[in-house]
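Trainee: Here you go, one structure.
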Amino acid sequence: MERQVQKVQTEMESISRRAFLAFTAGTAMAPRALRAWPKIAEVPALLDHLLLGCSDLERGIAFVEEHSGVRAAFGGVHPGRGTQNALLSLGTRRYLEIIAPDPKQAGVEQYSVITTLKEPRLIGWAAHRDDLEQFAAQLRQAGIEFEGPQPGSRQRPDGQVLRWKALRLKDDHGGLLPFFIEWSKGSVHPSVDAPKGCTLTRFEATTPQGEDLLVAACRIHIDLYVSTANEPSLRATIVGPKGDFALTS
């Protein structure tokens with residue numbers, strides 16, 4: 001185990017001291033005895049947005065409004081991907097994206113699971129980077145496989161086009177790890193003008209392989225709060241005008 005810790009430390013010298021200490025402090029524990037790491041931030045520093053999937057956008061908007069007291073605003077469609085979204089700010093540079101099929105497009109090319117969801121649930125999350133090409137080079141050097149960076153865009157209802165680049169890990173541990181996004185300099189981050197009133201206070205991943213996930217998170221510079229459970233899942237706690245509520249995968 002000491003060799004594993006040293007390997008992670010060597011590969012990721014720039015990772016936050018807080019996240020690395022949280023990892024090393026728990027490596028002596030057996031996987032079944034692993035508990036949540038108290039030194040990890042309750043919300044990852046680089047968290048950009050959460051994806052709440054649903055089979056119908058209006059139903060997803062109503063679900064979030066019922067629990068939060070804030071109504072998300074229509075954000076636009078993703079051309080060629082078969083989806084549309086609505087947005088709600090979760091604080092500075094963080095937001096919730098409610099994503100659903102766009103009935104005007106032939107089919108859902110990405111996140112096809114949303115077509116069969118009976119209830120809205122978290123289907124993933126994104127972390128922001130301002131140096132995605134450089135980050136890609138670091139991953140390549142570390143032997144971590146990925147796809148991208150690939151360009152993306154969405155036209156807002158006001159006609160403004162938002163542009164970004166995205167990088168996706170080939171092994172994201174079943175969606176527990178994020179994809180990475182870099183917004184173009186000319187694009188307004190969605191958290192700036194999306195409806196406000198909610199704050200993300202906690203975000204965590206649960207998995208039977210807690211130590212494996214922590215190692216993977218450290219290697220991609222993510223300070224993810226991890227705890228053990230029988231089933232892998234994501235859980236976000238949000239505070240709104242109606243109080244606390246949770247979104248889960």
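Identifiers in the structure tokens: chain A, B, ... in order shown; residue index from 1 per chain; ligand index from 1 in order shown.
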Need to verify the contact set: Glu204 in chain A, 6 Å, only C-alpha atoms, exclusion of same-chain residues closer than 3 positions in sequence. Can you return it as a VMD selection string?
Mentor: chain A and resid 225 to 226 234 to 235
Trainee: Within range 111-140 of chain A, find each residue whose DSSP state, derived from the backbone, is helix (DSSP H, G or I), and express the selection as a PyMOL selection string.
Mentor: chain A and resi 112-116+132-140
Trainee: Kindly export the residues of the current selection with N, CA and C atoms, as a compact mmCIF listing (two decimals), in the first residue's frame.
Mentor:
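Saved as part.txt:
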# COMPACT_ATOMS: atom_id res chain seq x y z
N SER A 112 -28.41 8.49 -23.46
CA SER A 112 -29.64 7.83 -23.91
C SER A 112 -30.45 7.26 -22.76
N VAL A 113 -29.83 7.09 -21.59
CA VAL A 113 -30.54 6.55 -20.44
C VAL A 113 -31.73 7.43 -20.04
N ILE A 114 -31.69 8.71 -20.38
CA ILE A 114 -32.75 9.62 -19.95
C ILE A 114 -34.09 9.29 -20.58
N THR A 115 -34.08 8.59 -21.70
CA THR A 115 -35.34 8.27 -22.38
C THR A 115 -36.18 7.26 -21.59
N THR A 116 -35.56 6.53 -20.69
CA THR A 116 -36.28 5.48 -19.95
C THR A 116 -36.45 5.79 -18.47
N LEU A 132 -7.55 22.98 -20.64
CA LEU A 132 -7.93 21.62 -20.99
C LEU A 132 -6.90 20.93 -21.86
N GLU A 133 -6.28 21.64 -22.79
CA GLU A 133 -5.27 21.01 -23.64
C GLU A 133 -4.05 20.59 -22.81
N GLN A 134 -3.64 21.45 -21.89
CA GLN A 134 -2.51 21.12 -21.02
C GLN A 134 -2.87 19.96 -20.09
N PHE A 135 -4.10 19.98 -19.59
CA PHE A 135 -4.56 18.90 -18.73
C PHE A 135 -4.59 17.58 -19.49
N ALA A 136 -5.00 17.63 -20.76
CA ALA A 136 -5.01 16.42 -21.58
C ALA A 136 -3.60 15.86 -21.72
N ALA A 137 -2.63 16.73 -21.88
CA ALA A 137 -1.24 16.28 -21.99
C ALA A 137 -0.78 15.62 -20.69
N GLN A 138 -1.21 16.15 -19.55
CA GLN A 138 -0.85 15.55 -18.27
C GLN A 138 -1.46 14.17 -18.11
N LEU A 139 -2.73 14.03 -18.52
CA LEU A 139 -3.37 12.72 -18.44
C LEU A 139 -2.67 11.72 -19.35
N ARG A 140 -2.32 12.18 -20.54
CA ARG A 140 -1.64 11.30 -21.49
C ARG A 140 -0.30 10.82 -20.92
Trainee: Find the residue from A:Asp102, A:Glu65, A:Asp48, A:Glu42 that sits nearest to Gly243 in chain A; use only C-alpha atoms when measuring.
Mentor: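 Selected residue with least distance to Gly243 in chain A: A:Glu65.
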Trainee: Could you work out how far CA of Gln84 in chain A lies from CA of Trp183 in chain A, giving the answer in Å with one decimal?
Mentor: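 Rounded to one decimal, the two atoms are 18.4 Å apart.
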Trainee: Kindly give the distance, in Å, that separates CA of Arg202 in chain A and CA of Tyr95 in chain A, rounded to a single decimal.
Mentor: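 Atom-to-atom, CA of Arg202 in chain A to CA of Tyr95 in chain A, that is 13.3 Å.
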Trainee: May I have the residues within 8 Å of Pro120 in chain A as a PyMOL selection string, using only C-alpha atoms and disregarding those fewer than 5 positions away in the same chain?
Mentor: chain A and resi 52-55+60+63
Trainee: Report as a ChimeraX atom specification: the residues of range 112-194 of chain A with a DSSP assignment of strand (DSSP E or B), based on the backbone of this structure.
Mentor: /A:121-128,146-155,161-169,179-183
